[in-house]
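Q: Could you have a look at this structure, given as structure tokens, before my questions?
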Amino acid sequence: MRIHEGERRVSLSAREVAEFRLGPESRRGFTGQWRTALGTAWHRDLEIRTQSAVPDARFEVVIAGVLRRRNWTLEINGRIDQIIEKNGVTLLREVKTTSLPLPMAEEDLANAYPEYRRQIAVYCLLAGFSSAFTGEIRGELLFVSIGDGVMQTLPLRDDPAKLLETQLERITAFCEEQSRRRERLSPTEFKPAFAVFRPEQIKLQRELAESVTISPVRLLEAPTGFGKTGIALQHALERLRDGTCDRIIYLTGKSTGQHQAVRQLKAMIPAEGELRHFQLRSKREHSISTPRHDCTRVESCLEGIEDAWDLAGIDPAKLFEEGKTGVDDLRQLGALTGVCPFEIAKACLAFAEVWICDYNYVFSPGHRGVLQGVMGFDPAQTLLVIDEAHNLPSRVADNFSFSDTTAEAEALAAELRGTEQPYKLIKAADDWADFLATLKERDEHPATVDYEALDLLTHLNDAIQQTRLEPERLSPGSREHLFGFPSWRGFLADERFARLIWSPRGGALRVTYLSAAPHLADALVEYGSAVLMSATLSPEKSYTARLGMDAPLLRADAPWREDAYRIAIDCRVDTRYRSRASHYLETAETIHTLTRQSPSPVAVFFPSYHYAETVGSYVRQLDSLLRIAMQPRSVDLNGQLTFVEESLLTAHVLFFVLGSSFSESIDHLGGRIEDAMVVGPALPEVNPVQKAKLRQFEHLGREGAFREVYQLPAMTKINQALGRLVRAPGQRARVVLHCRRFAEQSYRELLAPEYTPEADIYRFDQLIAWLEGEV
């Protein structure tokens with residue numbers, strides 16, 4: 001479906017006319033390739049039978065025409081299965097397969113497939129306007145039972161125009177709404193991102209606008225606190241207003257970034273709400289368990305969803321007008337109407353100009369269909385803004401990785417057998433479980449295991465697609481497991497991806513993707529333009545290699561940050577895993593000293609929870625009255641913000657873990673933390689995956705490979721964490737880098753320029769002197 005707004009014209013197929021709806025689509029369960037193949041076979045068989053009985057019959061005939069509704073021109077085309085002309089009557093026939101038992105009451109069959117009736121009505125209506133068809137036009141659906149081949153004819157007894165009246169009204173109303181959307185945006189003047197732009201912000205804004213002519217994909221590197229979100233959104237909104245794109249998608253990897261984007265948008269868009277934005281959260285966050293709808297039961301989200309939607313009369317456009325599009329609003333509406341809240345959320349997307357969501361909705365094969373299925377969505381007319389883009393390559397690679405175990409595979413096979421699924425599928429599942437059972441613990445399997453896994457996954461995929469599977473009889477976990485196989489097979493078959501196939505223990509298979517660069521590049525070029533931004537995209541060549549494509553890097557300077565940090569390297573300790581235990585007490589004493597010297601709470605960043613908890617016990621032994629606030633595990637955004645706010649008021653020291661949301665996304669520390677300490681670089685764990693990544697970079701030499709695989713990720717986390725401490729002119733921070741490795745050139749050169757150390761400390765008295773400003 002393509003809407004030509006300026007011409008008040010829309011092009012679509014007969015099937016799109018028949019199936020158009022703003023709410024959830026019909027859920028008829030899984031239909032594999034076997035169903036498609038069977039349908040094709042029946043079409044051919046019936047074509048032969050009809051040809052034998054009516055030699056002049058025509059098949060697969062294109063029917064196209066134009067309808068006009070509400071000053072809109074609908075250009076419709078399609079292909080009818082059979083045309084039989086006899087005794088002054090032209091019969092248009094569509095052949096459909098069904099799993100329902102035939103014969104059945106005509107009314108029941110018609111109600112079961114309203115979209116099929118609308119489709120044949122479209123053909124009849126178009127044929128009636130065409131000079132290529134003469135005489136009386138009639139239509140019928142010929143259903144064939146896939147179980148036993150029983151056939152039943154369902155004549156179209158309704159007037160096609162009346163039958164399609166509501167559907168055509170829905171389509172033109174949607175087109176009208178899309179047209180009004182453009183009219184709303186054209187005259188809109190958005191408020192500037194900032195009341196007063198600093199010179200460096202003006203420079204970046206100009207460079208961002210000019211770079212569009214250089215490359216559709218651009219990288220933007222600016223320090224934390226620079227105002228990247230505001231600059232990028234202003235650039236995007238101006239292009240939206242000028243008509244150079246018709247939608248903005250703002251992606252983040254963490255919910256904190258989404259909320260920041262929402263706050264920035266609300267400050268920029270007019271109060272009248274000419275521009276609509278929608279924050280799409282995960283399906284889990286929309287989940288409810290109520291008497292009218294229970295998302296914990298998969299069947300509840302599938303059964304009768306169209307009827308519930310129609311009865312509820314949900315109008316997404318009205319939800320925007322009433323300001324009721326938040327997760328809590330949709331959950332309440334779902335509980336009231338019985339419609340899955342996530343389905344309501346998806347319906348809202350078509351009525352918003354700005355979508356704010358997670359990386360997965362664009363880059364994950366299992367989630368990208370949510371956006372791709374939105375009516376009227378065209379990636380080529382969309383501007384993509386990606387925040388915290390330094391995390392994107394690793395996040396996307398994780399989406400392609402998968403694992404399975406003998407126990408899980410055997411349980412799946414047993415459930416397939418117990419629910420009497422097709423023998424071919426059970427056999428393929430048994431073979432897969434037997435294969436997993438042969439695997440021994442190994443850091444990397446030979447290529448023969450790769451080939452065997454691909455062969456077995458191909459058999460599983462074929463069995464899933466080509467047999468009459470009844471997934472509704474399986475448990476939710478088994479369904480998810482089973483339907484993961486086709487994706488796994490596709491990943492393994494794509495030789496462009498660098499991957500590691502290994503077994504962390506006997507009877508387990510793990511496929512870890514070392515890079516998703518080909519998929520990243522493929523996904524990005526689908527969009528009209530994209531801006532990938534972060535405070536830590538350097539070194540440029542390293543990042544563009546992980547991205548899978550070259551793109552210009554725009555760097556923004558922040559002169560006010562140059563003297564905002566005082567950095568010292570504490571060379572007295574070695575925080576490497578094998579040495580850190582001998583320095584626990586010294587680390588605790590350093591933290592204790594900082595708390596006594598600082599007028600505000602001290603932030604301490606650790607490589608892991610265990611390290612932080614261990615050092616915390618030593619600090620408490622030194623001073624039982626010292627209040628330590630330990631970063632909590634697995635809390636939502638509100639919990640994170642509550643922890644930070646309460647800890648800043650009540651604690652002497654806050655313990656954070658490098659790489660977490662607290663160290664990379666929470667922006668509430670700027671100006672409130674004056675002293676901080678980083679306890680060693682958080683190098684990735686040495687494991688088979690990291691060893692495989694090292695082999696990828698062998699061409700760089702041993703030191704170059706170690707830099708790419710271990711040092712760069714570790715120092716990026718530190719640069720991110722320190723950037724949270726100074727977010728505006730006038731703020732200051734004093735930081736102790738607590739490990740002698742920071743004094744090594746290979747680590748020192750990976751610190752951002754504003755974090756250049758001013759002192760190396762080798763004795764406790766030197767630390768005191770530096771803290772007191774004597775060094």
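Identifiers in this document derive from the order of the structure tokens: chains are assigned A, B, ..., residues are numbered from 1 separately in each chain, and ligands are numbered from 1 in order of occurrence.
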Could you give me, as a PyMOL selection string, each residue of range 402-645 of chain A that DSSP assigns to alpha helix (DSSP H) when run on this structure's backbone?

A: chain A and resi 406-418+423-437+447-466+476-482+485-493+517-525+540-547+584-597+609-622+637-645

Q: Counting only C-alpha atoms, what is within 10 Å of Gly373 in chain A, bar same-chain residues fewer than 3 positions away, as a PyMOL selection string?

A: chain A and resi 346-347+350+368-370+376-377

Q: With N, CA, C and O atoms retained, could you export that selection as a PDB file, in the first residue's frame?

A:
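Generated file (result.pdb):
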ATOM      1  N   LYS A 346       0.880  -1.376  18.972  1.00  0.00           N
ATOM      2  CA  LYS A 346       1.294  -1.492  17.574  1.00  0.00           C
ATOM      3  C   LYS A 346       0.368  -0.700  16.652  1.00  0.00           C
ATOM      4  O   LYS A 346       0.816  -0.109  15.661  1.00  0.00           O
ATOM      5  N   ALA A 347      -0.913  -0.681  16.968  1.00  0.00           N
ATOM      6  CA  ALA A 347      -1.874   0.067  16.147  1.00  0.00           C
ATOM      7  C   ALA A 347      -1.623   1.568  16.241  1.00  0.00           C
ATOM      8  O   ALA A 347      -1.880   2.310  15.285  1.00  0.00           O
ATOM      9  N   ALA A 350       0.991   3.729  13.592  1.00  0.00           N
ATOM     10  CA  ALA A 350       0.639   4.305  12.293  1.00  0.00           C
ATOM     11  C   ALA A 350       0.225   5.769  12.401  1.00  0.00           C
ATOM     12  O   ALA A 350       0.235   6.494  11.399  1.00  0.00           O
ATOM     13  N   ARG A 368      11.875  -7.093  14.257  1.00  0.00           N
ATOM     14  CA  ARG A 368      11.761  -6.001  13.287  1.00  0.00           C
ATOM     15  C   ARG A 368      10.428  -6.029  12.534  1.00  0.00           C
ATOM     16  O   ARG A 368       9.991  -5.013  11.984  1.00  0.00           O
ATOM     17  N   GLY A 369       9.757  -7.171  12.529  1.00  0.00           N
ATOM     18  CA  GLY A 369       8.469  -7.259  11.856  1.00  0.00           C
ATOM     19  C   GLY A 369       7.405  -6.373  12.475  1.00  0.00           C
ATOM     20  O   GLY A 369       6.424  -6.024  11.817  1.00  0.00           O
ATOM     21  N   VAL A 370       7.585  -5.989  13.755  1.00  0.00           N
ATOM     22  CA  VAL A 370       6.610  -5.114  14.413  1.00  0.00           C
ATOM     23  C   VAL A 370       6.507  -3.787  13.673  1.00  0.00           C
ATOM     24  O   VAL A 370       5.407  -3.303  13.364  1.00  0.00           O
ATOM     25  N   GLY A 376       1.515   1.866   6.034  1.00  0.00           N
ATOM     26  CA  GLY A 376       2.046   3.118   5.523  1.00  0.00           C
ATOM     27  C   GLY A 376       3.500   3.366   5.845  1.00  0.00           C
ATOM     28  O   GLY A 376       4.056   4.393   5.440  1.00  0.00           O
ATOM     29  N   PHE A 377       4.161   2.441   6.558  1.00  0.00           N
ATOM     30  CA  PHE A 377       5.559   2.647   6.934  1.00  0.00           C
ATOM     31  C   PHE A 377       6.485   2.369   5.756  1.00  0.00           C
ATOM     32  O   PHE A 377       6.405   1.322   5.113  1.00  0.00           O
TER      33      PHE A 377
END

Q: Write out as a PDB file with all heavy atoms, in the first residue's frame each polymer residue whose atoms come within 9 Å of Glu589 in chain A, counting only C-alpha atoms; drop sequence neighbours fewer than 5 positions from it.

A:
ATOM      1  N   TYR A 584      43.078  -5.582  48.348  1.00  0.00           N
ATOM      2  CA  TYR A 584      41.736  -5.227  48.826  1.00  0.00           C
ATOM      3  C   TYR A 584      41.783  -4.155  49.904  1.00  0.00           C
ATOM      4  O   TYR A 584      41.022  -3.185  49.880  1.00  0.00           O
ATOM      5  CB  TYR A 584      41.011  -6.464  49.362  1.00  0.00           C
ATOM      6  CG  TYR A 584      40.473  -7.400  48.308  1.00  0.00           C
ATOM      7  CD1 TYR A 584      40.313  -8.757  48.581  1.00  0.00           C
ATOM      8  CD2 TYR A 584      40.113  -6.942  47.039  1.00  0.00           C
ATOM      9  CE1 TYR A 584      39.815  -9.642  47.625  1.00  0.00           C
ATOM     10  CE2 TYR A 584      39.616  -7.814  46.080  1.00  0.00           C
ATOM     11  CZ  TYR A 584      39.479  -9.163  46.375  1.00  0.00           C
ATOM     12  OH  TYR A 584      38.983 -10.018  45.431  1.00  0.00           O
ATOM     13  N   LEU A 594      39.084   9.038  50.301  1.00  0.00           N
ATOM     14  CA  LEU A 594      38.323   9.915  49.404  1.00  0.00           C
ATOM     15  C   LEU A 594      37.064  10.438  50.084  1.00  0.00           C
ATOM     16  O   LEU A 594      36.702  11.617  49.941  1.00  0.00           O
ATOM     17  CB  LEU A 594      37.950   9.174  48.121  1.00  0.00           C
ATOM     18  CG  LEU A 594      39.031   9.027  47.057  1.00  0.00           C
ATOM     19  CD1 LEU A 594      38.543   8.165  45.910  1.00  0.00           C
ATOM     20  CD2 LEU A 594      39.442  10.393  46.519  1.00  0.00           C
ATOM     21  N   TYR A 618      35.535  -4.751  53.280  1.00  0.00           N
ATOM     22  CA  TYR A 618      36.771  -4.203  53.861  1.00  0.00           C
ATOM     23  C   TYR A 618      36.548  -2.765  54.324  1.00  0.00           C
ATOM     24  O   TYR A 618      37.035  -2.352  55.383  1.00  0.00           O
ATOM     25  CB  TYR A 618      37.896  -4.237  52.833  1.00  0.00           C
ATOM     26  CG  TYR A 618      38.607  -5.567  52.729  1.00  0.00           C
ATOM     27  CD1 TYR A 618      38.048  -6.624  52.015  1.00  0.00           C
ATOM     28  CD2 TYR A 618      39.844  -5.770  53.350  1.00  0.00           C
ATOM     29  CE1 TYR A 618      38.689  -7.843  51.919  1.00  0.00           C
ATOM     30  CE2 TYR A 618      40.503  -6.991  53.253  1.00  0.00           C
ATOM     31  CZ  TYR A 618      39.915  -8.036  52.536  1.00  0.00           C
ATOM     32  OH  TYR A 618      40.564  -9.242  52.454  1.00  0.00           O
ATOM     33  N   VAL A 619      35.798  -1.980  53.522  1.00  0.00           N
ATOM     34  CA  VAL A 619      35.534  -0.583  53.901  1.00  0.00           C
ATOM     35  C   VAL A 619      34.757  -0.535  55.206  1.00  0.00           C
ATOM     36  O   VAL A 619      35.042   0.282  56.093  1.00  0.00           O
ATOM     37  CB  VAL A 619      34.761   0.143  52.774  1.00  0.00           C
ATOM     38  CG1 VAL A 619      34.349   1.545  53.234  1.00  0.00           C
ATOM     39  CG2 VAL A 619      35.600   0.229  51.503  1.00  0.00           C
ATOM     40  N   LEU A 622      36.895  -0.956  58.161  1.00  0.00           N
ATOM     41  CA  LEU A 622      37.663   0.245  58.489  1.00  0.00           C
ATOM     42  C   LEU A 622      36.811   1.277  59.215  1.00  0.00           C
ATOM     43  O   LEU A 622      37.287   1.971  60.127  1.00  0.00           O
ATOM     44  CB  LEU A 622      38.223   0.878  57.202  1.00  0.00           C
ATOM     45  CG  LEU A 622      39.352   0.134  56.482  1.00  0.00           C
ATOM     46  CD1 LEU A 622      39.659   0.832  55.156  1.00  0.00           C
ATOM     47  CD2 LEU A 622      40.606   0.104  57.347  1.00  0.00           C
TER      48      LEU A 622
END

Q: Which polymer residues have any atom within 12 Å of an atom of Asn87 in chain A, counting only C-alpha atoms, with same-chain residues fewer than 6 positions away left out, as a VMD selection string?

A: chain A and resid 134 to 137

Q: Take the residues from that selection and put them in a file with N, CA, C and O atoms, as an mmCIF file, in the first residue's frame.

A:
data_model
loop_
_atom_site.group_PDB
_atom_site.id
_atom_site.type_symbol
_atom_site.label_atom_id
_atom_site.label_comp_id
_atom_site.auth_asym_id
_atom_site.auth_seq_id
_atom_site.Cartn_x
_atom_site.Cartn_y
_atom_site.Cartn_z
ATOM 1 N N THR A 134 -18.210 -8.710 -19.857
ATOM 2 C CA THR A 134 -19.578 -8.439 -20.327
ATOM 3 C C THR A 134 -20.572 -9.305 -19.571
ATOM 4 O O THR A 134 -20.222 -10.306 -18.937
ATOM 5 N N GLY A 135 -21.824 -8.916 -19.651
ATOM 6 C CA GLY A 135 -22.891 -9.686 -19.031
ATOM 7 C C GLY A 135 -22.914 -9.502 -17.526
ATOM 8 O O GLY A 135 -22.273 -8.619 -16.945
ATOM 9 N N GLU A 136 -23.679 -10.356 -16.870
ATOM 10 C CA GLU A 136 -23.818 -10.294 -15.423
ATOM 11 C C GLU A 136 -22.540 -10.796 -14.748
ATOM 12 O O GLU A 136 -21.979 -11.819 -15.132
ATOM 13 N N ILE A 137 -22.098 -10.053 -13.714
ATOM 14 C CA ILE A 137 -20.888 -10.430 -12.980
ATOM 15 C C ILE A 137 -21.291 -11.130 -11.677
ATOM 16 O O ILE A 137 -22.081 -10.596 -10.888
#

Q: Using only C-alpha atoms, find the one residue out of A:Leu585, A:Ala705, A:Leu392, A:Ala568 that sits nearest to Ile768 in chain A.

A: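 Using only C-alpha atoms, the shortest distance to Ile768 in chain A belongs to A:Ala568.
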
Q: Would you mind listing what lies within 12 Å of Tyr710 in chain A as a ChimeraX atom specification, with only C-alpha atoms counted and same-chain residues fewer than 2 positions away left out?

A: /A:681-687,689-691,693-694,697,702-708,712-717,746-747,750

Q: Using only C-alpha atoms, which residue out of A:Asp45, A:Glu165, A:Glu200, A:Asp158 lies closest to Arg68 in chain A?

A: A:Glu165

Q: Taking into account only C-alpha atoms, which residue in the set A:Leu333, A:Glu285, A:Leu457, A:Arg505 is nearest to Asp636 in chain A?

A: A:Glu285

Q: Which of these, A:Thr153, A:Glu85, A:Val122, A:Glu47, has the shortest distance to Ile63 in chain A once you count only C-alpha atoms?

A: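 The closest residue to Ile63 in chain A is A:Val122.
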
Q: Near Leu91 in chain A, counting only C-alpha atoms, which residues have an atom at most 6 Å away, once you skip same-chain residues fewer than 3 positions from it, shown as a PyMOL selection string?

A: chain A and resi 83-84+138-139

Q: Print the selection's residues with all heavy atoms to a file, as a PDB file, in the first residue's frame.

A:
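Output file again34.pdb is given in full below:
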ATOM      1  N   ILE A  83     -11.853 -17.449 -14.250  1.00  0.00           N
ATOM      2  CA  ILE A  83     -12.959 -16.708 -14.862  1.00  0.00           C
ATOM      3  C   ILE A  83     -13.672 -17.649 -15.830  1.00  0.00           C
ATOM      4  O   ILE A  83     -13.049 -18.201 -16.742  1.00  0.00           O
ATOM      5  CB  ILE A  83     -12.474 -15.455 -15.621  1.00  0.00           C
ATOM      6  CG1 ILE A  83     -11.815 -14.462 -14.652  1.00  0.00           C
ATOM      7  CG2 ILE A  83     -13.632 -14.792 -16.357  1.00  0.00           C
ATOM      8  CD1 ILE A  83     -11.314 -13.201 -15.329  1.00  0.00           C
ATOM      9  N   ILE A  84     -14.973 -17.822 -15.607  1.00  0.00           N
ATOM     10  CA  ILE A  84     -15.779 -18.707 -16.452  1.00  0.00           C
ATOM     11  C   ILE A  84     -16.935 -17.892 -17.029  1.00  0.00           C
ATOM     12  O   ILE A  84     -17.740 -17.318 -16.285  1.00  0.00           O
ATOM     13  CB  ILE A  84     -16.334 -19.888 -15.642  1.00  0.00           C
ATOM     14  CG1 ILE A  84     -15.173 -20.696 -15.021  1.00  0.00           C
ATOM     15  CG2 ILE A  84     -17.219 -20.774 -16.507  1.00  0.00           C
ATOM     16  CD1 ILE A  84     -15.623 -21.742 -14.025  1.00  0.00           C
ATOM     17  N   ARG A 138     -20.795 -12.343 -11.501  1.00  0.00           N
ATOM     18  CA  ARG A 138     -21.028 -13.063 -10.259  1.00  0.00           C
ATOM     19  C   ARG A 138     -19.690 -13.496  -9.659  1.00  0.00           C
ATOM     20  O   ARG A 138     -18.706 -13.670 -10.374  1.00  0.00           O
ATOM     21  CB  ARG A 138     -21.906 -14.304 -10.496  1.00  0.00           C
ATOM     22  CG  ARG A 138     -23.312 -14.007 -10.954  1.00  0.00           C
ATOM     23  CD  ARG A 138     -24.091 -15.299 -11.162  1.00  0.00           C
ATOM     24  NE  ARG A 138     -25.422 -15.050 -11.716  1.00  0.00           N
ATOM     25  CZ  ARG A 138     -26.255 -16.003 -12.083  1.00  0.00           C
ATOM     26  NH1 ARG A 138     -25.891 -17.298 -11.941  1.00  0.00           N
ATOM     27  NH2 ARG A 138     -27.442 -15.707 -12.572  1.00  0.00           N
ATOM     28  N   GLY A 139     -19.702 -13.689  -8.359  1.00  0.00           N
ATOM     29  CA  GLY A 139     -18.483 -14.121  -7.692  1.00  0.00           C
ATOM     30  C   GLY A 139     -18.748 -15.270  -6.743  1.00  0.00           C
ATOM     31  O   GLY A 139     -19.855 -15.395  -6.204  1.00  0.00           O
TER      32      GLY A 139
END

Q: I want to know what sits within 8 Å of range 307-309 of chain A, based on only C-alpha atoms, with residues of the same chain fewer than 2 positions away left out; could you give that as a ChimeraX atom specification?

A: /A:23-24,304-305,311-314,337-339

Q: Could you dump the residues just selected with all heavy atoms as a PDB file, in the first residue's frame?

A:
ATOM      1  N   GLY A  23      -6.358  -2.309  13.546  1.00  0.00           N
ATOM      2  CA  GLY A  23      -6.116  -3.097  14.739  1.00  0.00           C
ATOM      3  C   GLY A  23      -5.372  -4.372  14.406  1.00  0.00           C
ATOM      4  O   GLY A  23      -4.784  -4.515  13.334  1.00  0.00           O
ATOM      5  N   PRO A  24      -5.369  -5.325  15.312  1.00  0.00           N
ATOM      6  CA  PRO A  24      -4.645  -6.585  15.107  1.00  0.00           C
ATOM      7  C   PRO A  24      -5.206  -7.367  13.940  1.00  0.00           C
ATOM      8  O   PRO A  24      -6.402  -7.334  13.665  1.00  0.00           O
ATOM      9  CB  PRO A  24      -4.856  -7.339  16.431  1.00  0.00           C
ATOM     10  CG  PRO A  24      -6.079  -6.722  17.026  1.00  0.00           C
ATOM     11  CD  PRO A  24      -6.061  -5.290  16.614  1.00  0.00           C
ATOM     12  N   GLY A 304     -10.000 -14.580  19.189  1.00  0.00           N
ATOM     13  CA  GLY A 304     -11.042 -13.563  19.128  1.00  0.00           C
ATOM     14  C   GLY A 304     -10.549 -12.140  19.209  1.00  0.00           C
ATOM     15  O   GLY A 304     -11.299 -11.240  19.589  1.00  0.00           O
ATOM     16  N   ILE A 305      -9.285 -11.896  18.822  1.00  0.00           N
ATOM     17  CA  ILE A 305      -8.724 -10.561  19.026  1.00  0.00           C
ATOM     18  C   ILE A 305      -9.367  -9.533  18.098  1.00  0.00           C
ATOM     19  O   ILE A 305      -9.578  -8.378  18.481  1.00  0.00           O
ATOM     20  CB  ILE A 305      -7.193 -10.599  18.854  1.00  0.00           C
ATOM     21  CG1 ILE A 305      -6.577  -9.295  19.356  1.00  0.00           C
ATOM     22  CG2 ILE A 305      -6.787 -10.899  17.425  1.00  0.00           C
ATOM     23  CD1 ILE A 305      -5.091  -9.358  19.542  1.00  0.00           C
ATOM     24  N   LEU A 311     -15.477  -4.676  18.754  1.00  0.00           N
ATOM     25  CA  LEU A 311     -16.485  -4.376  19.773  1.00  0.00           C
ATOM     26  C   LEU A 311     -16.059  -3.212  20.656  1.00  0.00           C
ATOM     27  O   LEU A 311     -16.884  -2.404  21.081  1.00  0.00           O
ATOM     28  CB  LEU A 311     -16.743  -5.620  20.631  1.00  0.00           C
ATOM     29  CG  LEU A 311     -17.527  -6.759  19.959  1.00  0.00           C
ATOM     30  CD1 LEU A 311     -17.537  -7.992  20.854  1.00  0.00           C
ATOM     31  CD2 LEU A 311     -18.953  -6.308  19.651  1.00  0.00           C
ATOM     32  N   ALA A 312     -14.765  -3.130  20.936  1.00  0.00           N
ATOM     33  CA  ALA A 312     -14.267  -2.065  21.812  1.00  0.00           C
ATOM     34  C   ALA A 312     -14.283  -0.708  21.115  1.00  0.00           C
ATOM     35  O   ALA A 312     -14.332   0.342  21.773  1.00  0.00           O
ATOM     36  CB  ALA A 312     -12.853  -2.396  22.283  1.00  0.00           C
ATOM     37  N   GLY A 313     -14.218  -0.714  19.777  1.00  0.00           N
ATOM     38  CA  GLY A 313     -14.210   0.552  19.042  1.00  0.00           C
ATOM     39  C   GLY A 313     -12.993   1.406  19.350  1.00  0.00           C
ATOM     40  O   GLY A 313     -13.080   2.637  19.453  1.00  0.00           O
ATOM     41  N   ILE A 314     -11.837   0.778  19.495  1.00  0.00           N
ATOM     42  CA  ILE A 314     -10.608   1.509  19.834  1.00  0.00           C
ATOM     43  C   ILE A 314     -10.178   2.376  18.658  1.00  0.00           C
ATOM     44  O   ILE A 314     -10.080   1.905  17.527  1.00  0.00           O
ATOM     45  CB  ILE A 314      -9.491   0.525  20.216  1.00  0.00           C
ATOM     46  CG1 ILE A 314      -9.889  -0.258  21.475  1.00  0.00           C
ATOM     47  CG2 ILE A 314      -8.173   1.257  20.448  1.00  0.00           C
ATOM     48  CD1 ILE A 314      -8.941  -1.379  21.825  1.00  0.00           C
ATOM     49  N   THR A 337     -11.138  -3.654  27.829  1.00  0.00           N
ATOM     50  CA  THR A 337     -11.728  -4.113  26.568  1.00  0.00           C
ATOM     51  C   THR A 337     -11.449  -5.579  26.252  1.00  0.00           C
ATOM     52  O   THR A 337     -12.133  -6.164  25.409  1.00  0.00           O
ATOM     53  CB  THR A 337     -11.189  -3.271  25.400  1.00  0.00           C
ATOM     54  OG1 THR A 337      -9.755  -3.454  25.310  1.00  0.00           O
ATOM     55  CG2 THR A 337     -11.498  -1.797  25.603  1.00  0.00           C
ATOM     56  N   GLY A 338     -10.412  -6.160  26.872  1.00  0.00           N
ATOM     57  CA  GLY A 338     -10.040  -7.530  26.549  1.00  0.00           C
ATOM     58  C   GLY A 338      -9.085  -7.630  25.381  1.00  0.00           C
ATOM     59  O   GLY A 338      -8.753  -8.729  24.930  1.00  0.00           O
ATOM     60  N   VAL A 339      -8.601  -6.489  24.871  1.00  0.00           N
ATOM     61  CA  VAL A 339      -7.639  -6.478  23.769  1.00  0.00           C
ATOM     62  C   VAL A 339      -6.225  -6.411  24.340  1.00  0.00           C
ATOM     63  O   VAL A 339      -5.963  -5.647  25.273  1.00  0.00           O
ATOM     64  CB  VAL A 339      -7.882  -5.272  22.834  1.00  0.00           C
ATOM     65  CG1 VAL A 339      -6.829  -5.238  21.721  1.00  0.00           C
ATOM     66  CG2 VAL A 339      -9.272  -5.339  22.236  1.00  0.00           C
TER      67      VAL A 339
END

Q: Could you work out how far CA of Lys96 in chain A lies from CA of His459 in chain A, giving the answer in Å with one decimal?

A: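 Between CA of His459 in chain A and CA of Lys96 in chain A the gap works out to 28.4 Å.
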
Q: Nearest to Ile231 in chain A: which of A:Met533, A:Met151, A:Ser11, A:Ser145 is it, counting only C-alpha atoms?

A: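 For Ile231 in chain A, the nearest of the given residues is A:Met533.
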
Q: Report as JSON, numbers by chain: the residues of range 469-658 of chain A with a DSSP assignment of strand (DSSP E), based on the backbone of this structure.

A: {"A": [499, 500, 501, 502, 508, 509, 510, 511, 512, 513, 529, 530, 531, 532, 533, 534, 553, 554, 555, 565, 566, 567, 568, 569, 570, 602, 603, 604, 605, 606, 628, 629, 630, 653, 654, 655, 656, 657]}

Q: Find the distance between CA of Leu156 in chain A and CA of Leu22 in chain A and write it in Å to one decimal.

A: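 According to the coordinates, CA of Leu156 in chain A and CA of Leu22 in chain A are separated by 25.2 Å.
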
Q: Using only C-alpha atoms for the distances, tell me which of A:Val17, A:Leu722, A:Ala409, A:Ala692 is nearest to Ala428 in chain A.

A: A:Ala409
